[in-house]
Structures are given as C-alpha cells and as structure tokens.
$ cat work-v1.csv   # CSV, C-alpha atoms
chain,number,residue,atom,x,y,z
X,230,PRO,CA,5.6,2.9,9.7
X,231,MET,CA,7.8,3.2,12.8
X,232,GLN,CA,5.7,6.0,14.2
X,233,ILE,CA,2.4,4.3,13.4
X,234,SER,CA,3.5,1.1,15.1
X,235,GLU,CA,4.8,2.9,18.2
X,236,MET,CA,1.6,5.0,18.6
X,237,ALA,CA,-0.6,1.9,18.3
X,238,ALA,CA,1.6,-0.2,20.6
X,239,ASN,CA,1.6,2.4,23.4
X,240,GLY,CA,-2.1,3.1,23.0
X,241,ALA,CA,-1.9,6.6,21.7
X,242,VAL,CA,-4.1,5.5,18.7
X,243,ASP,CA,-6.6,2.7,18.4
X,244,PHE,CA,-5.4,1.3,15.1
X,245,ALA,CA,-2.5,1.1,12.8
X,246,ILE,CA,-3.1,0.9,9.1
X,247,ALA,CA,0.0,0.0,7.1
X,248,THR,CA,1.4,-1.7,4.0
X,249,GLU,CA,5.1,-1.7,4.7
X,250,ALA,CA,7.6,-2.8,7.4
X,251,MET,CA,5.4,-5.4,9.0
X,252,GLU,CA,8.3,-6.4,11.2
X,253,LEU,CA,7.8,-3.2,13.2
X,254,PHE,CA,4.2,-4.4,14.1
X,255,ASN,CA,5.1,-7.4,16.2
X,256,ASP,CA,3.3,-6.0,19.3
X,257,LEU,CA,0.1,-5.6,17.2
X,258,ILE,CA,-2.5,-8.0,15.8
X,259,MET,CA,-2.3,-7.1,12.1
X,260,MET,CA,-5.1,-8.4,9.8
X,261,PRO,CA,-5.2,-8.2,5.9
X,262,CYS,CA,-7.6,-5.7,4.4
X,263,TYR,CA,-7.1,-5.4,0.7
X,264,LYS,CA,-4.6,-5.8,-2.1
X,265,TRP,CA,-3.5,-3.0,-4.4
X,266,ASN,CA,-1.0,-2.3,-7.1
X,267,ARG,CA,0.7,0.5,-8.9
X,268,SER,CA,0.2,2.7,-12.0
X,269,ILE,CA,2.6,4.8,-13.9
X,270,ILE,CA,1.6,8.5,-14.4
X,271,VAL,CA,3.0,10.7,-17.1
X,272,PRO,CA,2.0,13.9,-18.9
X,273,LYS,CA,0.0,13.3,-22.1
X,274,ASP,CA,3.0,14.1,-24.4
X,275,HIS,CA,5.4,11.8,-22.6
X,276,PRO,CA,7.0,9.0,-24.7
X,277,LEU,CA,5.7,6.3,-22.3
X,278,ALA,CA,2.1,7.5,-22.9
X,279,ARG,CA,2.4,5.9,-26.4
X,280,LYS,CA,3.7,2.5,-25.2
X,281,SER,CA,1.2,-0.3,-25.6
X,282,GLU,CA,3.0,-2.4,-23.0
X,283,LEU,CA,5.4,-1.1,-20.3
X,284,THR,CA,8.5,-2.9,-19.2
X,285,LEU,CA,10.8,-2.3,-16.3
X,286,PRO,CA,13.7,-1.4,-18.7
X,287,ASP,CA,11.4,1.2,-20.2
X,288,LEU,CA,10.9,2.8,-16.7
X,289,ALA,CA,14.6,2.5,-15.8
X,290,GLU,CA,15.4,4.9,-18.7
X,291,PHE,CA,13.5,7.8,-17.0
X,292,PRO,CA,13.9,9.7,-13.7
X,293,LEU,CA,11.2,8.4,-11.3
X,294,VAL,CA,9.1,10.0,-8.7
X,295,THR,CA,7.6,7.7,-6.1
X,296,TYR,CA,6.8,7.0,-2.5
X,297,VAL,CA,9.4,7.3,0.3
X,298,PHE,CA,10.8,4.0,1.3
X,299,GLY,CA,8.7,2.4,4.0
X,300,PHE,CA,5.5,4.0,2.7
X,301,THR,CA,2.9,2.5,0.5
X,302,GLY,CA,4.5,-0.5,-1.0
X,303,ARG,CA,7.8,1.0,-2.0
X,304,SER,CA,9.7,-2.2,-1.2
X,305,LYS,CA,7.8,-4.1,-3.9
X,306,LEU,CA,8.9,-1.5,-6.4
X,307,ASP,CA,12.6,-1.8,-5.4
X,308,GLU,CA,12.4,-5.6,-5.4
X,309,ALA,CA,11.0,-5.7,-9.0
X,310,PHE,CA,13.9,-3.5,-10.3
X,311,GLN,CA,16.5,-5.5,-8.4
X,312,ALA,CA,15.1,-8.8,-9.7
X,313,HIS,CA,15.7,-7.6,-13.2
X,314,GLY,CA,19.2,-6.3,-12.4
X,315,LEU,CA,18.1,-2.7,-12.8
X,316,THR,CA,18.6,0.4,-10.7
X,317,PRO,CA,15.7,2.8,-10.7
X,318,LYS,CA,16.6,6.5,-11.1
X,319,VAL,CA,14.5,7.8,-8.2
X,320,VAL,CA,14.9,11.5,-8.2
X,321,PHE,CA,12.2,12.6,-5.8
X,322,THR,CA,10.1,10.8,-3.2
X,323,ALA,CA,7.0,11.8,-1.3
X,324,ALA,CA,4.6,10.2,1.2
X,325,ASP,CA,1.6,11.5,-0.7
X,326,ALA,CA,0.4,10.7,-4.2
X,327,ASP,CA,-0.8,14.3,-4.8
X,328,VAL,CA,2.8,15.5,-4.3
X,329,ILE,CA,4.1,12.9,-6.7
X,330,LYS,CA,1.5,14.0,-9.3
X,331,THR,CA,2.7,17.6,-8.8
X,332,TYR,CA,6.3,16.6,-9.5
X,333,VAL,CA,5.2,14.8,-12.6
X,334,ARG,CA,3.3,17.8,-13.8
X,335,LEU,CA,6.4,19.9,-13.3
X,336,GLY,CA,8.3,17.5,-15.6
X,337,LEU,CA,10.6,16.2,-12.8
X,338,GLY,CA,10.0,12.5,-13.6
X,339,VAL,CA,7.7,9.6,-14.3
X,340,GLY,CA,5.4,8.9,-11.3
X,341,ILE,CA,4.7,5.6,-9.8
X,342,ILE,CA,1.7,5.7,-7.5
X,343,ALA,CA,-1.0,3.4,-6.0
X,344,SER,CA,-3.5,2.8,-8.8
X,345,MET,CA,-6.4,3.9,-6.5
X,346,ALA,CA,-4.7,7.4,-6.2
X,347,PHE,CA,-5.4,8.3,-9.8
X,348,ASP,CA,-8.7,10.0,-10.7
X,349,GLU,CA,-9.5,10.8,-14.3
X,350,GLN,CA,-11.7,13.7,-13.3
X,351,ASN,CA,-9.1,15.3,-11.1
X,352,ASP,CA,-6.1,14.4,-13.2
X,353,PRO,CA,-7.2,15.0,-16.8
X,354,ASP,CA,-3.7,16.3,-17.8
X,355,LEU,CA,-2.0,13.0,-16.9
X,356,VAL,CA,-2.0,9.6,-18.5
X,357,CYS,CA,-2.4,6.6,-16.2
X,358,LEU,CA,-0.7,3.4,-17.3
X,359,ASP,CA,-1.4,0.1,-15.5
X,360,ALA,CA,1.8,-1.4,-14.0
X,361,SER,CA,0.3,-4.4,-12.2
X,362,GLN,CA,2.2,-6.7,-14.6
X,363,LEU,CA,5.5,-5.2,-13.4
X,364,PHE,CA,5.1,-5.3,-9.6
X,365,ARG,CA,3.8,-7.8,-7.1
X,366,PRO,CA,0.6,-6.5,-5.3
X,367,SER,CA,0.9,-5.0,-1.8
X,368,VAL,CA,-1.4,-5.8,1.0
X,369,THR,CA,-2.7,-3.1,3.4
X,370,ARG,CA,-3.4,-4.3,6.9
X,371,ILE,CA,-5.2,-2.9,10.0
X,372,GLY,CA,-4.1,-3.7,13.5
X,373,PHE,CA,-4.4,-3.0,17.1
X,374,ARG,CA,-2.3,-3.6,20.3
X,375,LYS,CA,-2.4,-7.2,21.6
X,376,GLY,CA,-4.5,-7.4,24.7
X,377,THR,CA,-6.8,-4.5,23.7
X,378,PHE,CA,-10.4,-4.6,24.8
X,379,LEU,CA,-12.2,-3.9,21.5
X,380,ARG,CA,-15.3,-1.7,21.9
X,381,GLY,CA,-18.3,-1.8,19.6
X,382,TYR,CA,-17.1,1.3,17.6
X,383,MET,CA,-13.8,-0.4,17.0
X,384,TYR,CA,-15.4,-3.5,15.5
X,385,ASP,CA,-17.6,-1.2,13.4
X,386,PHE,CA,-14.6,0.7,12.1
X,387,ILE,CA,-12.7,-2.4,11.2
X,388,GLN,CA,-15.6,-3.9,9.4
X,389,ARG,CA,-16.3,-0.7,7.5
X,390,PHE,CA,-12.7,-0.5,6.5
X,391,ALA,CA,-12.5,-4.2,5.5
X,392,PRO,CA,-16.0,-5.9,5.3
X,393,HIS,CA,-14.5,-9.4,5.4
X,394,LEU,CA,-13.1,-8.7,8.9
X,395,THR,CA,-16.3,-9.6,10.8
X,396,ARG,CA,-16.5,-9.5,14.6
X,397,GLU,CA,-16.0,-13.3,14.6
X,398,ARG,CA,-12.9,-13.1,12.4
X,399,VAL,CA,-11.4,-10.3,14.6
X,400,ASP,CA,-12.2,-12.2,17.8
X,401,GLU,CA,-10.5,-15.3,16.3
X,402,ALA,CA,-7.4,-13.3,15.7
X,403,VAL,CA,-7.6,-11.8,19.2
X,404,THR,CA,-8.0,-15.2,20.8
X,405,HIS,CA,-5.2,-16.7,18.7
X,406,GLN,CA,-2.6,-14.0,19.6
X,407,GLY,CA,0.1,-15.9,17.7
X,408,SER,CA,2.9,-14.6,15.6
X,409,ARG,CA,2.4,-12.5,12.6
X,410,ALA,CA,2.7,-15.5,10.3
X,411,GLU,CA,0.2,-17.5,12.4
X,412,ILE,CA,-2.4,-14.7,12.4
X,413,GLU,CA,-1.9,-14.4,8.6
X,414,GLU,CA,-2.8,-18.1,8.3
X,415,LEU,CA,-6.2,-17.4,9.9
X,416,PHE,CA,-7.1,-15.3,6.9
X,417,ASN,CA,-5.7,-17.5,4.1
X,418,ASP,CA,-9.2,-18.6,3.0
X,419,ILE,CA,-10.2,-14.9,2.2
X,420,ASP,CA,-9.9,-13.6,-1.3
X,421,LEU,CA,-8.9,-10.1,-0.5
X,422,PRO,CA,-10.5,-7.3,-2.5
X,423,THR,CA,-8.1,-5.6,-5.0
X,424,TYR,CA,-8.0,-1.9,-5.6

$ encode --input "work-v1.csv" --output "structure tokens"
Amino acid sequence: PMQISEMAANGAVDFAIATEAMELFNDLIMMPCYKWNRSIIVPKDHPLARKSELTLPDLAEFPLVTYVFGFTGRSKLDEAFQAHGLTPKVVFTAADADVIKTYVRLGLGVGIIASMAFDEQNDPDLVCLDASQLFRPSVTRIGFRKGTFLRGYMYDFIQRFAPHLTRERVDEAVTHQGSRAEIEELFNDIDLPTY
C-alpha cells in the first residue's frame, strides 16, 4: 500500500487500487468499488473440510497461511481473532493467493484467501469453505491524485472497474475534494457489489 500510494501521489501511475491502509492515501481521492470477504482453503482430507460450520477457535487450532499484513484485507482477519481473544498461528504469508494455495497444497497450513481467488476448475484438489460469517467484509477502492485532470480513458477505466462510479459520481468526488471520510459519505447511498 505504501508504494501504491506514493506512486499515485507523485503521478508515476494513474490509479491506486487498494483495500488496506487507507490512511496512506490522504493525497488521493479514493472511491469505493466493491466489497469482498474470505474463504478458507484446505486439502480434501483436512479435518476442517468435514466441518459443517467453521468458527474462529477451529481456525486458531491450525497453522495459517494468509496475506502479508497491509495486503488484501489482512487487518480484518487480525481484528476478528483479537476480538475473540485468539492469536492466529500465521506460519507463512504471501501477497498472492496462488502462493497461499501452493503452501496449502504442500501441507504447510490452512489458507485464508479472498473468496474470489478460488476457482473450482483450477483448484480441484482443494476444498473452499465460506468464512464470511467469521470476518467483516473488506472494501476495495480506486483512487487518483487530487488535482488530476481526468482524461476520457481514465473515466472509462474507472467505470469498467466499478460500473457505479459514473463520470458524474467521479466528478462529484473531484469537485468535493474533502477528507477521506467526507468523500466516503458521497457514496453512502450505493449498495456496493459483493464478490
């Protein structure tokens, strides 16, 4: 997140797309795109694969493989365990779900990934267990430097990435140029898609 925010703030890239560490993006106009949650992935013969309902204490019993802190909603995972007085046994971290899946396949731990990163066709050797009841959803945002002159292709990209972010909505955020909380309020009436 720090590199992404710096690159967008100094104009090296047009957009920042991030889920975590929003406090680093104060020089950018960040707009909400979609919500997502997590799934647990295990080999087919894993004891958790037979559970009808997962709990955080169940997960706390096993070594975990998940995202590096600061990437892809990791803070929501840590918050959930802390709220239940549990300490997760995170043994490996990665910035990429495919790396996490590889660690799970090697038997190094139970994987916690973004639900959208699991594909039944590509991951037939793994079981995917919904964990949305265990963790609060995360919101992915797209943003650009304050004061940026948005070109047509930029509006097009934003709307393809998040269809509810129409040119009018984006212009409203640009015109407002308020604090992160004030910009968020501009989008409170939108029911974000969930993945």

$ residues_around --input "work-v1.csv" --residues "X:Arg267" --least-positions-apart "4" --cutoff "6 Å" --atoms "all atoms listed in the file" --output "list in words"
Ile342, Ala343, Ser344, Ala360 and Ser361 of chain X

$ closest_residue --input "work-v1.csv" --among "X:Glu401, X:Asp385, X:Asp348, X:Asp420" --to "X:Ser268" --atoms "all atoms listed in the file"
X:Asp348

$ residues_around --input "work-v1.csv" --residues "X:Met260" --least-positions-apart "4" --cutoff "12 Å" --atoms "only C-alpha atoms" --output "MDAnalysis selection string"
chainID X and resid 244:248 251 254 368:374 387:388 390:391 393:395 398:403 406 408:417 419 421

$ residues_around --input "work-v1.csv" --residues "X:Lys318" --least-positions-apart "4" --cutoff "9 Å" --atoms "all atoms listed in the file" --output "compact mmCIF listing (two decimals) with C-alpha atoms, in the frame of the given file"
# COMPACT_ATOMS: atom_id res chain seq x y z
CA LEU X 288 10.90 2.80 -16.70
CA ALA X 289 14.60 2.50 -15.80
CA GLU X 290 15.40 4.90 -18.70
CA PHE X 291 13.50 7.80 -17.00
CA PRO X 292 13.90 9.70 -13.70
CA LEU X 293 11.20 8.40 -11.30
CA VAL X 294 9.10 10.00 -8.70

$ atom_distance --input "work-v1.csv" --atom1 "atom CA of X:Ile233" --atom2 "atom CA of X:Lys375"
14.9 Å

$ atom_distance --input "work-v1.csv" --atom1 "atom CA of X:Ala312" --atom2 "atom CA of X:Val271"
24.1 Å

$ atom_distance --input "work-v1.csv" --atom1 "atom CA of X:Val320" --atom2 "atom CA of X:Leu355"
19.1 Å

$ closest_residue --input "work-v1.csv" --among "X:Ile269, X:Val297, X:Leu257, X:Ala241" --to "X:Val319" --atoms "only C-alpha atoms"
X:Val297

$ residues_around --input "work-v1.csv" --residues "X:His275" --least-positions-apart "2" --cutoff "10 Å" --atoms "only C-alpha atoms" --output "VMD selection string"
chain X and resid 270 to 273 277 to 280 336 339 355 to 356

$ closest_residue --input "work-v1.csv" --among "X:Asp287, X:Asp359, X:Asp418, X:Glu249" --to "X:Asn266" --atoms "only C-alpha atoms"
X:Asp359

$ closest_residue --input "work-v1.csv" --among "X:Ser367, X:Thr404, X:Thr295, X:Ser234" --to "X:Ile341" --atoms "all atoms listed in the file"
X:Thr295

$ closest_residue --input "work-v1.csv" --among "X:Gly376, X:Pro392, X:Gly314, X:Gly381" --to "X:Ala237" --atoms "all atoms listed in the file"
X:Gly376

$ closest_residue --input "work-v1.csv" --among "X:Asp354, X:Trp265, X:Arg380, X:Ala309" --to "X:Thr331" --atoms "all atoms listed in the file"
X:Asp354
